[in-house]
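These notes are about the structure you will find just below.
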Amino acid sequence: MMEQIVDIASWILIVLGSFFIITGAAGMLRMPDLFTRMHAASVIETLGATLLVVGLMLQAGFTLVSAKLVFVLLLFFFIGPVAAHALAQAALHAGVEPMLDEDRRNREPPGGAEKNETDPVEPKT
Amino acid sequence: MRQVSLGLFLFAFWLILSGHYTPFLLAIGLGSVALAVYVSSRMRVVDAEGHPIGLLSRWLGYLVWLYIEIMKSAWAVTRIIIDPKLPISPTMTKVRASQKTPAGIATYANSITLTPGTITTDVKGNVLTIHALVRGGADDLEGGDMDRHVSGFERGRV
């Protein structure tokens, strides 16, 4: 009985994850330019990947495989933004102009502390 | 101190990935951990930026909060994709990060990128350039809610 419940939950998660992955892929096709496409792709690597991995973890149970799946997820979470940042910055450096409705880049940035254009330095420990 | 902590983390990681616990393999694991710690110490990457042990105790709480944010915005982006009219209004803006340490600013910038609908395209000092899929996403970041949360995480007050 318990096994069946876990199985059903796992399948629901896997199907939901697949749904978000397909939606993200559709979004990548529908969006008009590189930057908006990246937003669609981030649905895949966050929500889609998580639901899929959690569904797989339910299949694996409390084993080393599950622990490794957690690592896969953490890897996504740490590498995803690095890759996205590298891609976006490379595109901007190459002169790809983002398609914008509104550009607030020349405005004085709000929030946070006083402006500081130099990189902060970690105090030596 | 930091080296010891890094060694423990690496060895725990090795144990979980390996799954073989014979004395010979454990010795090899210990040896490779020692080598990795030695090399990264020589490279001077075992510092508050490379291995921020100060953030360890609050890490899980922050991840849970961030995860809820990610789910909310992922759902919002999904609805935009499904909408036949594709109601996007791409906006680029700049915000200031109030974090004091490089690890804090990196956490903020990466959290923005992880949240679907917003990407950090550039970091200069504490000024982040952001591309948002809809105008509302840029407004939210300018409001500074996430910034305050990351600063709380950095300082120990969430």
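Residues in the structure tokens are numbered from 1 in each chain, the chains being A, B, ... in the order shown, and ligands are numbered from 1 in the order shown.
Any residue of chain B with an atom no more than 6 Å from chain A counts as a contact; using only C-alpha atoms, that gives Ala74, Ile81, Ser89, Pro90, Thr91, Met92, Thr93, Lys94, Val95, Arg96, Ala97, Ser98, Asn110, Thr113, Leu114, Pro116, Gly117, Thr121, Lys124, Gly125 and Asn126 of chain B.
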Inset, instruction - Output as a ChimeraX atom specification all residues of chain A that backbone DSSP marks as alpha helix (DSSP H). - result: /A:2-30,34-43,49-60,64-93
Would you output that residue set with C-alpha atoms, as a JSON list (two decimals), in the first residue's frame?
[["chain", "number", "residue", "atom", "x", "y", "z"],
["A", 2, "MET", "CA", 2.67, 2.47, 1.09],
["A", 3, "GLU", "CA", 4.75, 1.54, -1.93],
["A", 4, "GLN", "CA", 1.88, 2.31, -4.26],
["A", 5, "ILE", "CA", 1.33, 5.73, -2.70],
["A", 6, "VAL", "CA", 5.03, 6.57, -3.08],
["A", 7, "ASP", "CA", 4.92, 5.28, -6.65],
["A", 8, "ILE", "CA", 1.92, 7.43, -7.53],
["A", 9, "ALA", "CA", 3.44, 10.51, -5.89],
["A", 10, "SER", "CA", 6.66, 9.88, -7.77],
["A", 11, "TRP", "CA", 4.87, 9.60, -11.09],
["A", 12, "ILE", "CA", 2.89, 12.77, -10.45],
["A", 13, "LEU", "CA", 6.14, 14.64, -9.74],
["A", 14, "ILE", "CA", 7.86, 13.22, -12.81],
["A", 15, "VAL", "CA", 4.95, 14.12, -15.08],
["A", 16, "LEU", "CA", 4.72, 17.62, -13.57],
["A", 17, "GLY", "CA", 8.46, 18.08, -14.01],
["A", 18, "SER", "CA", 8.20, 16.96, -17.63],
["A", 19, "PHE", "CA", 5.36, 19.41, -18.14],
["A", 20, "PHE", "CA", 7.52, 22.32, -16.97],
["A", 21, "ILE", "CA", 10.44, 21.15, -19.10],
["A", 22, "ILE", "CA", 8.25, 21.01, -22.20],
["A", 23, "THR", "CA", 6.77, 24.40, -21.33],
["A", 24, "GLY", "CA", 10.26, 25.83, -20.95],
["A", 25, "ALA", "CA", 11.27, 24.37, -24.30],
["A", 26, "ALA", "CA", 8.15, 25.84, -25.92],
["A", 27, "GLY", "CA", 8.99, 29.16, -24.29],
["A", 28, "MET", "CA", 12.49, 29.06, -25.77],
["A", 29, "LEU", "CA", 10.91, 28.77, -29.20],
["A", 30, "ARG", "CA", 8.25, 31.41, -28.63],
["A", 34, "LEU", "CA", 18.28, 35.64, -26.63],
["A", 35, "PHE", "CA", 17.64, 37.18, -23.21],
["A", 36, "THR", "CA", 13.94, 36.40, -23.05],
["A", 37, "ARG", "CA", 14.75, 32.85, -24.21],
["A", 38, "MET", "CA", 17.11, 32.49, -21.27],
["A", 39, "HIS", "CA", 14.23, 33.31, -18.94],
["A", 40, "ALA", "CA", 12.19, 30.51, -20.47],
["A", 41, "ALA", "CA", 15.15, 28.13, -20.10],
["A", 42, "SER", "CA", 15.48, 28.94, -16.41],
["A", 43, "VAL", "CA", 12.06, 27.39, -15.80],
["A", 49, "ALA", "CA", 14.64, 19.69, -12.95],
["A", 50, "THR", "CA", 13.67, 19.78, -9.26],
["A", 51, "LEU", "CA", 10.31, 18.08, -9.70],
["A", 52, "LEU", "CA", 11.90, 15.45, -11.93],
["A", 53, "VAL", "CA", 14.75, 14.75, -9.51],
["A", 54, "VAL", "CA", 12.47, 14.62, -6.47],
["A", 55, "GLY", "CA", 10.24, 12.19, -8.37],
["A", 56, "LEU", "CA", 13.28, 10.03, -9.14],
["A", 57, "MET", "CA", 14.34, 10.21, -5.49],
["A", 58, "LEU", "CA", 10.99, 8.76, -4.46],
["A", 59, "GLN", "CA", 11.68, 5.89, -6.86],
["A", 60, "ALA", "CA", 15.16, 5.34, -5.42],
["A", 64, "LEU", "CA", 23.00, 6.47, -1.94],
["A", 65, "VAL", "CA", 21.33, 7.07, -5.30],
["A", 66, "SER", "CA", 19.05, 9.63, -3.66],
["A", 67, "ALA", "CA", 22.05, 11.36, -2.09],
["A", 68, "LYS", "CA", 23.65, 11.58, -5.51],
["A", 69, "LEU", "CA", 20.44, 13.00, -6.95],
["A", 70, "VAL", "CA", 20.60, 15.71, -4.28],
["A", 71, "PHE", "CA", 24.10, 16.52, -5.54],
["A", 72, "VAL", "CA", 22.80, 16.72, -9.10],
["A", 73, "LEU", "CA", 20.20, 19.22, -7.93],
["A", 74, "LEU", "CA", 22.73, 21.29, -5.98],
["A", 75, "LEU", "CA", 25.00, 21.24, -9.01],
["A", 76, "PHE", "CA", 22.16, 22.70, -11.10],
["A", 77, "PHE", "CA", 21.66, 25.39, -8.49],
["A", 78, "PHE", "CA", 25.29, 26.46, -8.38],
["A", 79, "ILE", "CA", 26.28, 26.04, -12.02],
["A", 80, "GLY", "CA", 23.04, 27.23, -13.64],
["A", 81, "PRO", "CA", 23.40, 30.91, -12.68],
["A", 82, "VAL", "CA", 27.11, 30.91, -13.51],
["A", 83, "ALA", "CA", 26.41, 29.64, -17.02],
["A", 84, "ALA", "CA", 23.47, 32.02, -17.46],
["A", 85, "HIS", "CA", 25.58, 34.95, -16.32],
["A", 86, "ALA", "CA", 28.44, 33.99, -18.64],
["A", 87, "LEU", "CA", 26.06, 33.64, -21.59],
["A", 88, "ALA", "CA", 24.30, 36.95, -20.95],
["A", 89, "GLN", "CA", 27.54, 38.85, -20.48],
["A", 90, "ALA", "CA", 29.16, 37.28, -23.53],
["A", 91, "ALA", "CA", 26.13, 38.31, -25.61],
["A", 92, "LEU", "CA", 26.25, 41.89, -24.32],
["A", 93, "HIS", "CA", 30.00, 42.11, -24.94]]
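One distance worth recording is that between atom CA of Gly61 of chain A and atom CA of Trp14 of chain B, which is 20.5 Å.
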Inset, instruction - Could you tell me, as a list in words, which residues of segment 64-95 of chain B DSSP assigns to strand (DSSP E) when given the backbone? - result: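 Those in segment 64-95 of chain B that DSSP calls strand (DSSP E) are Thr91, Met92, Thr93, Lys94 and Val95 of chain B.
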Inset, instruction - Quick one: pull the distance between atom CA of Ala138 of chain B and atom CA of Thr101 of chain B, Å, one decimal. - result: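 Straight-line distance from atom CA of Ala138 of chain B to atom CA of Thr101 of chain B works out to 23.6 Å.
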Long-range neighbours of Ile119 of chain B as a PDB file with N, CA and C atoms, in the first residue's frame, 7 Å cut-off, only C-alpha atoms, 4 positions minimum in chain:
ATOM      1  N   ILE B 112      19.295  36.124  -7.994  1.00  0.00           N
ATOM      2  CA  ILE B 112      18.500  36.820  -9.016  1.00  0.00           C
ATOM      3  C   ILE B 112      18.450  35.982 -10.293  1.00  0.00           C
ATOM      4  N   THR B 113      19.609  35.445 -10.688  1.00  0.00           N
ATOM      5  CA  THR B 113      19.647  34.662 -11.919  1.00  0.00           C
ATOM      6  C   THR B 113      18.857  33.359 -11.771  1.00  0.00           C
ATOM      7  N   ILE B 130      20.538  44.171 -14.451  1.00  0.00           N
ATOM      8  CA  ILE B 130      19.574  43.080 -14.460  1.00  0.00           C
ATOM      9  C   ILE B 130      18.673  43.144 -15.677  1.00  0.00           C
ATOM     10  N   HIS B 131      18.432  41.987 -16.270  1.00  0.00           N
ATOM     11  CA  HIS B 131      17.458  41.883 -17.350  1.00  0.00           C
ATOM     12  C   HIS B 131      16.243  41.158 -16.798  1.00  0.00           C
ATOM     13  N   ALA B 132      15.077  41.778 -16.903  1.00  0.00           N
ATOM     14  CA  ALA B 132      13.855  41.163 -16.398  1.00  0.00           C
ATOM     15  C   ALA B 132      12.901  40.902 -17.551  1.00  0.00           C
TER      16      ALA B 132
END
